[in-house]
Amino acid sequence: MTNKELTKLVTRLEAGEPLAAEFYARTGTARILGITGPPGVGKSSLIDRLIGEFRRQGRTVSVIAIDPTSPISGGALLGDRLRMQRHSEDDGVFIRSLATRHHQGGLTDATPQIIHALDAAGFNIVIVETVGTGQDEVEVAEVADTVAVILMPELGDEIQRAKSGLMEIADILVINKVDLMNAGTTGRDTIPSAEGKQWERPTIHASAKTGDGLASFCGAIEAHHGYLVRSGELARRRERAARAEVIRLLQSRMTASILRVLEIPRAQNILTDVAQRKLDPYDAVEQLSREIFGSQNRSS
Amino acid sequence: MKRPIKVLIAKAGLDGHERGALVVAMGLRDAGMEVVYTGIRNTPEQIVQAAIQEDVNAIGLSSLSGGHMAQFARVMELLRKEKIKGVLVFAGGIIPDEDVKKLKKLGIREVFGPGSTIASIAEFLKKSARSRRA
C-alpha cells in the first residue's frame, strides 16, 4: 500500500466506512504503543524523539495524533504534528492527525480501525497519541499493547498518584521535562529485567528537549514487549482489544437503530408523554424496546 | 457524517513570523474547520508530504520574509510531481502585487495580504474547497 492509498483509506475509515476484511486479515504484527497524559506535558515531543530512536533501529513507524474537536465550532486545531514535522519526508514514517469529533475517552470513533489500516500497511510500530487527558480518559488501554503515561514535575503529590484511572493504565510512567528541575537522569531509572514474568512498572525521568532518558524509555518499551510475549499477556490484551472493538461497533449500530426508531411518530409521541409526565422514562424504554428489538427481547 | 474541511497551515523556509499564521489557524478552527498547523521553518518537501499524509482539502502557505516566490513555487512543483489533484492552495503574508499575479499563474488560488479578514478566508475556503472534495 502506498502512502497515497493509505491516506485515502484512513479518510474513509474516519468517515465511518468499514475496514475491508482483506485488510484485517493482514493485521496483528505491528506493536501498538499508546502515549497518554495531561495536555502540555510533552507527549508529541517525546514521540518525535521515539520516532528517531525507532528509525535508527531500522523500524518503520506510524503515528495517530489526536487533538480535541471544539465543542463550540466543531473545528479543531491539530497541533501535534508540528513537533514531529522533521520526520515528514521520511518514507518509513507516516503521521496522521485526527480530531476527536466529540468522541469521549481520549481517542476517536475510528481509531481501532485506523490502527488496523496502519498495521496492514506494514508499519512495525503504531503509536497512538491520545488527546491531553484528565483522570478518566483511559480508552487507549483498550487498543494498545503498551501504554506509557507521560507526566511532568510538580503535577501532584502521592495521593494524586494513588487515584484510579489514568495512573492505573500505565505500563511505563515517564516524567518528562526533568531539565526544568536541573535534575540529572543518569543512573536514576531502573529498567525491569528482561526475564521476569512479573511486570514492575518503571518510572523514567526524561527530557524531550535534551534527549535525556530517551534510551531508558526505549529500553522500557522493549522490556515491556518482552514481558507481554513471555507472560502470555500480549494474547490476553489482544483478546481484550478485539472484544472492546466488537462491542463498540455493536453499540454504534444499536445507537443508529435507536435513533432511527425515535424518528417514527409513535416514538415521538412516547417522548412527548415522558416530557409531559404522562409516562415515566422506564415504561417509555419498555415500549420503545419492543419497537427496536421486537417483543421477544423485552428485558425482565 | 460530513467531514469538516481539513486545512494545512504552514510556513515555508527561514521565516519565524508565526503570529499571522497562528491567528488564521485559530480563526479557521472557529469557522468549523480541522486545521493541521505545522508551524515555522517547514521545507516545501515536508509541507507536501504532510498534505498527503493528512489528506487535507487545502494548504495555506504563509510568508513574511520575502522567500515566497522560491518556496511557494517549489510547493506547487512538488504537488504536480506527486500528482496531487484537488488540493486547493492559498497564501498569505507580505507579498507584493506583482508577485501575487505570478503566484496565481503558478496555481495558487488566492493570496490574502495585510488587512484580510478571517471571515473572508473562511468564506473563500468554504466556497472553493468544498467543491473540490474527493
# chains A, B, ... in the order shown; residues from 1 in each chain; ligands from 1
call {"tool": "interface_residues", "arguments": {"of": "chain A", "to": "chain B", "cutoff": "9 Å", "atoms": "only C-alpha atoms", "output": "JSON, numbers by chain"}}
result
{"A": [3, 4, 6, 7, 8, 10, 11, 14, 15, 16, 69, 70, 72, 73, 74, 75, 76, 77, 78, 79, 80, 81, 82, 83, 84, 85, 86, 87, 88, 89, 94, 95, 96, 97, 98, 99]}
call {"tool": "write_last_selection", "arguments": {"atoms": "N, CA and C atoms", "output": "short mmCIF file (atom, residue, chain, number, x, y, z; two decimals), in the first residue's frame"}}
result
data_model
loop_
_atom_site.label_atom_id
_atom_site.label_comp_id
_atom_site.auth_asym_id
_atom_site.auth_seq_id
_atom_site.Cartn_x
_atom_site.Cartn_y
_atom_site.Cartn_z
N ASN A 3 1.67 5.37 0.46
CA ASN A 3 1.19 6.39 1.39
C ASN A 3 -0.09 7.04 0.89
N LYS A 4 -0.16 7.23 -0.44
CA LYS A 4 -1.34 7.89 -1.00
C LYS A 4 -2.58 7.02 -0.89
N LEU A 6 -2.93 4.68 1.43
CA LEU A 6 -3.17 4.59 2.87
C LEU A 6 -3.91 5.81 3.39
N THR A 7 -3.50 6.99 2.93
CA THR A 7 -4.11 8.22 3.45
C THR A 7 -5.59 8.30 3.08
N LYS A 8 -5.93 7.83 1.87
CA LYS A 8 -7.35 7.84 1.45
C LYS A 8 -8.14 6.80 2.24
N VAL A 10 -7.50 5.86 5.30
CA VAL A 10 -7.71 6.41 6.65
C VAL A 10 -8.88 7.41 6.63
N THR A 11 -8.94 8.22 5.58
CA THR A 11 -10.04 9.19 5.48
C THR A 11 -11.40 8.49 5.43
N GLU A 14 -12.19 7.12 8.82
CA GLU A 14 -12.55 8.22 9.71
C GLU A 14 -13.99 8.64 9.47
N ALA A 15 -14.45 8.49 8.22
CA ALA A 15 -15.82 8.87 7.88
C ALA A 15 -16.82 7.78 8.26
N GLY A 16 -16.32 6.68 8.84
CA GLY A 16 -17.23 5.64 9.32
C GLY A 16 -17.40 4.45 8.39
N THR A 69 -11.83 18.14 19.24
CA THR A 69 -12.72 18.95 18.42
C THR A 69 -13.36 20.01 19.31
N SER A 70 -13.51 21.21 18.77
CA SER A 70 -14.13 22.29 19.54
C SER A 70 -15.60 21.99 19.79
N ILE A 72 -17.62 24.13 20.52
CA ILE A 72 -18.34 25.34 20.10
C ILE A 72 -18.47 25.40 18.58
N SER A 73 -17.36 25.26 17.87
CA SER A 73 -17.41 25.44 16.41
C SER A 73 -17.43 24.13 15.64
N GLY A 74 -17.03 23.02 16.29
CA GLY A 74 -16.90 21.76 15.56
C GLY A 74 -15.59 21.66 14.80
N GLY A 75 -14.80 22.72 14.83
CA GLY A 75 -13.48 22.70 14.20
C GLY A 75 -12.44 22.16 15.17
N ALA A 76 -11.18 22.13 14.74
CA ALA A 76 -10.12 21.65 15.61
C ALA A 76 -8.80 22.24 15.17
N LEU A 77 -7.92 22.47 16.14
CA LEU A 77 -6.55 22.84 15.81
C LEU A 77 -5.67 21.63 16.12
N LEU A 78 -5.14 21.03 15.07
CA LEU A 78 -4.37 19.80 15.22
C LEU A 78 -2.90 20.19 15.26
N GLY A 79 -2.34 20.22 16.46
CA GLY A 79 -1.00 20.80 16.63
C GLY A 79 0.05 19.82 17.10
N ASP A 80 -0.23 18.51 16.98
CA ASP A 80 0.77 17.52 17.42
C ASP A 80 1.85 17.31 16.37
N ARG A 81 1.42 17.32 15.11
CA ARG A 81 2.33 17.03 14.02
C ARG A 81 3.50 18.01 13.99
N LEU A 82 3.22 19.23 14.36
CA LEU A 82 4.22 20.30 14.41
C LEU A 82 5.50 19.85 15.12
N ARG A 83 5.34 19.05 16.18
CA ARG A 83 6.50 18.60 16.96
C ARG A 83 7.28 17.48 16.26
N MET A 84 6.65 16.86 15.27
CA MET A 84 7.27 15.69 14.63
C MET A 84 7.52 15.95 13.16
N GLN A 85 7.35 17.20 12.74
CA GLN A 85 7.32 17.51 11.31
C GLN A 85 8.63 17.16 10.62
N ARG A 86 9.75 17.11 11.37
CA ARG A 86 11.03 16.80 10.73
C ARG A 86 11.05 15.40 10.13
N HIS A 87 10.09 14.53 10.57
CA HIS A 87 10.05 13.17 10.04
C HIS A 87 9.15 13.06 8.80
N SER A 88 8.54 14.17 8.39
CA SER A 88 7.56 14.12 7.30
C SER A 88 8.14 13.56 6.01
N GLU A 89 9.41 13.86 5.77
CA GLU A 89 10.00 13.44 4.49
C GLU A 89 10.51 12.00 4.52
N PHE A 94 4.80 7.60 8.91
CA PHE A 94 3.51 8.12 8.45
C PHE A 94 2.79 8.70 9.66
N ILE A 95 2.48 9.99 9.58
CA ILE A 95 1.84 10.66 10.72
C ILE A 95 0.47 11.17 10.27
N ARG A 96 -0.55 10.87 11.08
CA ARG A 96 -1.88 11.36 10.74
C ARG A 96 -2.53 12.00 11.96
N SER A 97 -2.93 13.25 11.81
CA SER A 97 -3.62 13.96 12.90
C SER A 97 -5.11 13.74 12.77
N LEU A 98 -5.77 13.50 13.88
CA LEU A 98 -7.21 13.30 13.88
C LEU A 98 -7.87 14.16 14.95
N ALA A 99 -9.05 14.67 14.62
CA ALA A 99 -9.84 15.41 15.62
C ALA A 99 -10.82 14.42 16.26
#
call {"tool": "residues_around", "arguments": {"residues": "region 253-255 of chain A", "least_positions_apart": "5", "cutoff": "12 Å", "atoms": "only C-alpha atoms", "output": "PDB file with C-alpha atoms, in the first residue's frame"}}
result
ATOM      1  CA  GLY A  16     -17.226   5.641   9.320  1.00  0.00           C
ATOM      2  CA  PRO A  18     -15.946  -0.317   7.437  1.00  0.00           C
ATOM      3  CA  VAL A 246     -16.635  -5.523  18.551  1.00  0.00           C
ATOM      4  CA  ILE A 247     -18.652  -4.167  21.479  1.00  0.00           C
ATOM      5  CA  ARG A 248     -18.124  -0.600  20.269  1.00  0.00           C
ATOM      6  CA  ARG A 260     -33.943   5.595  13.541  1.00  0.00           C
ATOM      7  CA  VAL A 261     -36.811   4.292  15.649  1.00  0.00           C
ATOM      8  CA  LEU A 262     -37.021   7.540  17.608  1.00  0.00           C
ATOM      9  CA  SER A 289     -37.531  -1.593  23.206  1.00  0.00           C
ATOM     10  CA  ILE A 292     -36.399  -1.553  18.359  1.00  0.00           C
ATOM     11  CA  PHE A 293     -35.713  -5.185  19.207  1.00  0.00           C
TER      12      PHE A 293
END
call {"tool": "residues_around", "arguments": {"residues": "Arg74 (chain B)", "least_positions_apart": "4", "cutoff": "12 Å", "atoms": "only C-alpha atoms", "output": "ChimeraX atom specification"}}
result
/B:12-13,43-48,61,67-70,78-81,103,106-108
call {"tool": "select_by_dssp", "arguments": {"residues": "region 28-139 of chain A", "states": "strand (DSSP E or B)", "output": "PyMOL selection string"}}
result
chain A and resi 31-36+61-67+76-78+93-99+125-129
call {"tool": "residues_around", "arguments": {"residues": "Thr210 (chain A)", "least_positions_apart": "3", "cutoff": "12 Å", "atoms": "only C-alpha atoms", "output": "list of chain:residue names"}}
result
A:Ser45, A:Leu46, A:Arg49, A:Asn176, A:Lys177, A:Val178, A:Asp179, A:Leu180, A:Asn182, A:Gly184, A:Thr185, A:His205, A:Ala206, A:Ser207, A:Gly213, A:Leu214, A:Ala215
call {"tool": "write_last_selection", "arguments": {"atoms": "N, CA and C atoms", "output": "PDB file, in the first residue's frame"}}
result
ATOM      1  N   SER A  45       6.368  15.793  21.658  1.00  0.00           N
ATOM      2  CA  SER A  45       7.821  15.981  21.579  1.00  0.00           C
ATOM      3  C   SER A  45       8.557  14.695  21.925  1.00  0.00           C
ATOM      4  N   LEU A  46       8.034  13.927  22.890  1.00  0.00           N
ATOM      5  CA  LEU A  46       8.651  12.641  23.202  1.00  0.00           C
ATOM      6  C   LEU A  46       8.485  11.661  22.046  1.00  0.00           C
ATOM      7  N   ARG A  49      11.036  12.194  19.473  1.00  0.00           N
ATOM      8  CA  ARG A  49      12.295  11.533  19.858  1.00  0.00           C
ATOM      9  C   ARG A  49      12.211  10.025  19.654  1.00  0.00           C
ATOM     10  N   ASN A 176       8.457  13.711  32.173  1.00  0.00           N
ATOM     11  CA  ASN A 176       9.155  14.492  31.148  1.00  0.00           C
ATOM     12  C   ASN A 176       9.546  15.859  31.733  1.00  0.00           C
ATOM     13  N   LYS A 177      10.345  16.577  31.012  1.00  0.00           N
ATOM     14  CA  LYS A 177      10.765  17.941  31.387  1.00  0.00           C
ATOM     15  C   LYS A 177      11.606  17.961  32.657  1.00  0.00           C
ATOM     16  N   VAL A 178      12.378  16.903  32.903  1.00  0.00           N
ATOM     17  CA  VAL A 178      13.209  16.935  34.106  1.00  0.00           C
ATOM     18  C   VAL A 178      14.307  17.993  33.993  1.00  0.00           C
ATOM     19  N   ASP A 179      14.539  18.488  32.784  1.00  0.00           N
ATOM     20  CA  ASP A 179      15.512  19.573  32.634  1.00  0.00           C
ATOM     21  C   ASP A 179      15.075  20.818  33.408  1.00  0.00           C
ATOM     22  N   LEU A 180      13.751  20.954  33.597  1.00  0.00           N
ATOM     23  CA  LEU A 180      13.237  22.110  34.335  1.00  0.00           C
ATOM     24  C   LEU A 180      13.692  22.114  35.784  1.00  0.00           C
ATOM     25  N   ASN A 182      16.605  20.870  36.894  1.00  0.00           N
ATOM     26  CA  ASN A 182      18.042  20.646  36.991  1.00  0.00           C
ATOM     27  C   ASN A 182      18.343  19.273  37.586  1.00  0.00           C
ATOM     28  N   GLY A 184      19.440  15.606  37.177  1.00  0.00           N
ATOM     29  CA  GLY A 184      20.106  14.682  36.273  1.00  0.00           C
ATOM     30  C   GLY A 184      19.332  13.377  36.207  1.00  0.00           C
ATOM     31  N   THR A 185      19.463  12.655  35.116  1.00  0.00           N
ATOM     32  CA  THR A 185      18.733  11.397  35.000  1.00  0.00           C
ATOM     33  C   THR A 185      19.667  10.203  34.992  1.00  0.00           C
ATOM     34  N   HIS A 205      12.709   9.055  34.038  1.00  0.00           N
ATOM     35  CA  HIS A 205      12.898  10.510  34.061  1.00  0.00           C
ATOM     36  C   HIS A 205      13.505  10.923  32.730  1.00  0.00           C
ATOM     37  N   ALA A 206      12.818  11.817  32.041  1.00  0.00           N
ATOM     38  CA  ALA A 206      13.257  12.111  30.675  1.00  0.00           C
ATOM     39  C   ALA A 206      13.117  13.592  30.348  1.00  0.00           C
ATOM     40  N   SER A 207      13.752  13.980  29.289  1.00  0.00           N
ATOM     41  CA  SER A 207      13.568  15.322  28.757  1.00  0.00           C
ATOM     42  C   SER A 207      13.552  15.237  27.238  1.00  0.00           C
ATOM     43  N   GLY A 213      17.273  10.470  29.009  1.00  0.00           N
ATOM     44  CA  GLY A 213      16.306   9.456  29.422  1.00  0.00           C
ATOM     45  C   GLY A 213      15.609   8.733  28.286  1.00  0.00           C
ATOM     46  N   LEU A 214      15.874   9.146  27.039  1.00  0.00           N
ATOM     47  CA  LEU A 214      15.180   8.515  25.911  1.00  0.00           C
ATOM     48  C   LEU A 214      15.614   7.072  25.711  1.00  0.00           C
ATOM     49  N   ALA A 215      16.896   6.811  25.957  1.00  0.00           N
ATOM     50  CA  ALA A 215      17.389   5.437  25.826  1.00  0.00           C
ATOM     51  C   ALA A 215      16.698   4.546  26.857  1.00  0.00           C
TER      52      ALA A 215
END
call {"tool": "select_by_dssp", "arguments": {"residues": "region 45-86 of chain B", "states": "helix (DSSP H, G or I)", "output": "MDAnalysis selection string"}}
result
chainID B and resid 45:54 68:81
call {"tool": "residues_around", "arguments": {"residues": "Leu155 (chain A)", "least_positions_apart": "3", "cutoff": "10 Å", "atoms": "only C-alpha atoms", "output": "PDB file with N, CA and C atoms, in the first residue's frame"}}
result
ATOM      1  N   PRO A  38      -1.682  14.314  30.548  1.00  0.00           N
ATOM      2  CA  PRO A  38      -2.346  15.622  30.503  1.00  0.00           C
ATOM      3  C   PRO A  38      -1.838  16.503  29.364  1.00  0.00           C
ATOM      4  N   VAL A  41       2.300  18.147  28.567  1.00  0.00           N
ATOM      5  CA  VAL A  41       3.417  17.501  29.269  1.00  0.00           C
ATOM      6  C   VAL A  41       4.533  17.077  28.316  1.00  0.00           C
ATOM      7  N   LEU A 151       3.948  12.345  32.373  1.00  0.00           N
ATOM      8  CA  LEU A 151       3.640  13.393  33.351  1.00  0.00           C
ATOM      9  C   LEU A 151       4.816  14.368  33.361  1.00  0.00           C
ATOM     10  N   MET A 152       4.713  15.384  34.176  1.00  0.00           N
ATOM     11  CA  MET A 152       5.852  16.285  34.324  1.00  0.00           C
ATOM     12  C   MET A 152       6.009  16.636  35.794  1.00  0.00           C
ATOM     13  N   GLN A 160      -2.447  11.940  44.501  1.00  0.00           N
ATOM     14  CA  GLN A 160      -2.820  12.010  43.085  1.00  0.00           C
ATOM     15  C   GLN A 160      -2.369  10.740  42.366  1.00  0.00           C
ATOM     16  N   ARG A 161      -1.186  10.249  42.759  1.00  0.00           N
ATOM     17  CA  ARG A 161      -0.647   9.065  42.092  1.00  0.00           C
ATOM     18  C   ARG A 161      -1.424   7.807  42.464  1.00  0.00           C
ATOM     19  N   ILE A 175       8.299  10.755  33.510  1.00  0.00           N
ATOM     20  CA  ILE A 175       8.283  12.141  33.988  1.00  0.00           C
ATOM     21  C   ILE A 175       9.136  12.932  33.004  1.00  0.00           C
TER      22      ILE A 175
END
call {"tool": "residues_around", "arguments": {"residues": "region 25-36 of chain A", "least_positions_apart": "6", "cutoff": "9 Å", "atoms": "only C-alpha atoms", "output": "PyMOL selection string"}}
result
chain A and resi 43-44+47+106+115-133+138+140-141+143-151+166+170+221+225+238
